[in-house]
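Q: This is the structure, below, for whatever I ask next.
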Amino acid sequence: MIHELPGSDQDAQKPFGGPNPWPSADVLPAWKETMLKYQQEMINLGKAVARIIAVALDVNEDFFDQPNLLGNALSYYNFNHYVQYGASNKYTLGTLAHSDIFIITILATNDVPGLQICKNIDANPRVWENVLPLKGAFVINIGDMLQWMSNGLFRSTKHRVLFREERYSLACFVSPSLEGTIECIPSCKSAENPPKYPPIKCEEFIANVYKKRGDDQNISDHTKL
């Protein structure tokens, strides 16, 4: 599901925005209304988390509330159903190792384990750690855009899904306005620590990542514009 926008909105005419092709109310009663409410709640939660991140990065709490960042935030959703095939005692790789593109990801699950993270993607062999579900809580992942903006202070989380029982999850990816610029936050750079990544328009960042990334690529690959 992409961020629901009216057809007249400037971002609705772009590949990553616009109205969704909603299922008929006869098939899924109240689905559209429920998801639009969820969309707004996720935007509110994303902004609240971003204010905590701003304080950690030593900028004003409302830094991410700028119109070109999360003041006009967009959100995208993946509805995931992991189904076990064959012997129930064997693990199945449900999602290949990857990082998420946007500022943060807000993940809801049905409390079934399966999510794993790798803190050091350059290690050989890699060490995967389980993220055990906490009932009533969301999992927050750092995304590529935040690594870019924080100059590497916040690292995009490499993760995968390895499961052995039926699992559901709903991932919300929180993004700046497509017109916004992804660039180093002033407090994250200095003469001794210049920006590692060049400024780039959000829309171009997304398109570039989808075009070039694959499993086992990391954020350094996205700088090759």
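So you can find residues: chains in the structure tokens are A, B, ... in the order shown, residues in each start at 1, and ligands are numbered from 1 in order.
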Given only C-alpha atoms, how would the per-residue table for range 169-214 of chain A near range 125-145 of chain A read, listing every residue at most 12 Å away with its closest atom pair and distance in Å to one decimal, sorted by chain and number, as JSON lines?
A:
```
{"residue": "A:Ser169", "atom": "CA", "partner": "A:Phe138", "partner_atom": "CA", "distance": 10.5}
{"residue": "A:Leu170", "atom": "CA", "partner": "A:Phe138", "partner_atom": "CA", "distance": 10.0}
{"residue": "A:Ala171", "atom": "CA", "partner": "A:Val139", "partner_atom": "CA", "distance": 9.3}
{"residue": "A:Cys172", "atom": "CA", "partner": "A:Ile140", "partner_atom": "CA", "distance": 9.7}
{"residue": "A:Phe173", "atom": "CA", "partner": "A:Gly143", "partner_atom": "CA", "distance": 8.6}
{"residue": "A:Val174", "atom": "CA", "partner": "A:Gly143", "partner_atom": "CA", "distance": 9.1}
{"residue": "A:Ser175", "atom": "CA", "partner": "A:Met145", "partner_atom": "CA", "distance": 8.5}
{"residue": "A:Pro176", "atom": "CA", "partner": "A:Met145", "partner_atom": "CA", "distance": 9.3}
{"residue": "A:Gly180", "atom": "CA", "partner": "A:Met145", "partner_atom": "CA", "distance": 11.5}
{"residue": "A:Thr181", "atom": "CA", "partner": "A:Met145", "partner_atom": "CA", "distance": 10.1}
{"residue": "A:Ile182", "atom": "CA", "partner": "A:Met145", "partner_atom": "CA", "distance": 6.7}
{"residue": "A:Glu183", "atom": "CA", "partner": "A:Met145", "partner_atom": "CA", "distance": 8.7}
{"residue": "A:Cys184", "atom": "CA", "partner": "A:Met145", "partner_atom": "CA", "distance": 9.9}
{"residue": "A:Ile185", "atom": "CA", "partner": "A:Met145", "partner_atom": "CA", "distance": 11.3}
{"residue": "A:Tyr197", "atom": "CA", "partner": "A:Met145", "partner_atom": "CA", "distance": 10.4}
{"residue": "A:Pro198", "atom": "CA", "partner": "A:Met145", "partner_atom": "CA", "distance": 11.7}
{"residue": "A:Pro199", "atom": "CA", "partner": "A:Met145", "partner_atom": "CA", "distance": 10.9}
{"residue": "A:Ile200", "atom": "CA", "partner": "A:Met145", "partner_atom": "CA", "distance": 10.2}
{"residue": "A:Lys201", "atom": "CA", "partner": "A:Met145", "partner_atom": "CA", "distance": 10.9}
{"residue": "A:Cys202", "atom": "CA", "partner": "A:Met145", "partner_atom": "CA", "distance": 8.7}
{"residue": "A:Glu203", "atom": "CA", "partner": "A:Met145", "partner_atom": "CA", "distance": 11.6}
{"residue": "A:Glu204", "atom": "CA", "partner": "A:Met145", "partner_atom": "CA", "distance": 11.9}
{"residue": "A:Phe205", "atom": "CA", "partner": "A:Met145", "partner_atom": "CA", "distance": 8.4}
{"residue": "A:Ile206", "atom": "CA", "partner": "A:Met145", "partner_atom": "CA", "distance": 9.4}
{"residue": "A:Val209", "atom": "CA", "partner": "A:Asp144", "partner_atom": "CA", "distance": 9.6}
{"residue": "A:Arg213", "atom": "CA", "partner": "A:Asp144", "partner_atom": "CA", "distance": 11.7}
```
Q: Apply DSSP to the backbone of this structure and, from chain A, keep only the residues in strand (DSSP E); write these as a ChimeraX atom specification.
A: /A:74-82,92-98,104-109,115-118,129-130,139-142,158-163,167-175,181-182,200-201
Q: Excluding Tyr82 in chain A and residues on its chain fewer than 6 positions from it, collect all residues at most 7 Å away from it, counting only C-alpha atoms, and give them as a ChimeraX atom specification.
A: /A:94,166-168
Q: Could you list, with a cut-off of 10 Å and counting only C-alpha atoms, the residues of range 102-155 of chain A near range 36-52 of chain A, each shown with its nearest atom pair and the distance in Å rounded to one decimal, rows sorted by chain and ascending number, as a tab-separated table?
A:
```
residue	atom	partner	partner_atom	distance
A:Ile103	CA	A:Ala50	CA	8.6
A:Ile104	CA	A:Gly46	CA	7.4
A:Thr105	CA	A:Gly46	CA	8.4
A:Ile106	CA	A:Gly46	CA	7.6
A:Ile140	CA	A:Val49	CA	8.8
A:Leu146	CA	A:Ala50	CA	9.8
```
Q: Would you please extract all helix (DSSP H, G or I) residues from chain A, as assigned by DSSP on the backbone, and give them as a PyMOL selection string?
A: chain A and resi 10-13+31-56+63-65+67-71+144-149+186-188+202-212+219-223
Q: For Cys118 in chain A, which residue among A:Lys189, A:Lys32, A:Lys14, A:His159 is the nearest when counting only C-alpha atoms?
A: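 Looking only at the distances to Cys118 in chain A, the closest residue turns out to be A:His159.
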Q: By how many Å are CA of Asn208 in chain A and CA of His98 in chain A apart?
A: 15.6 Å
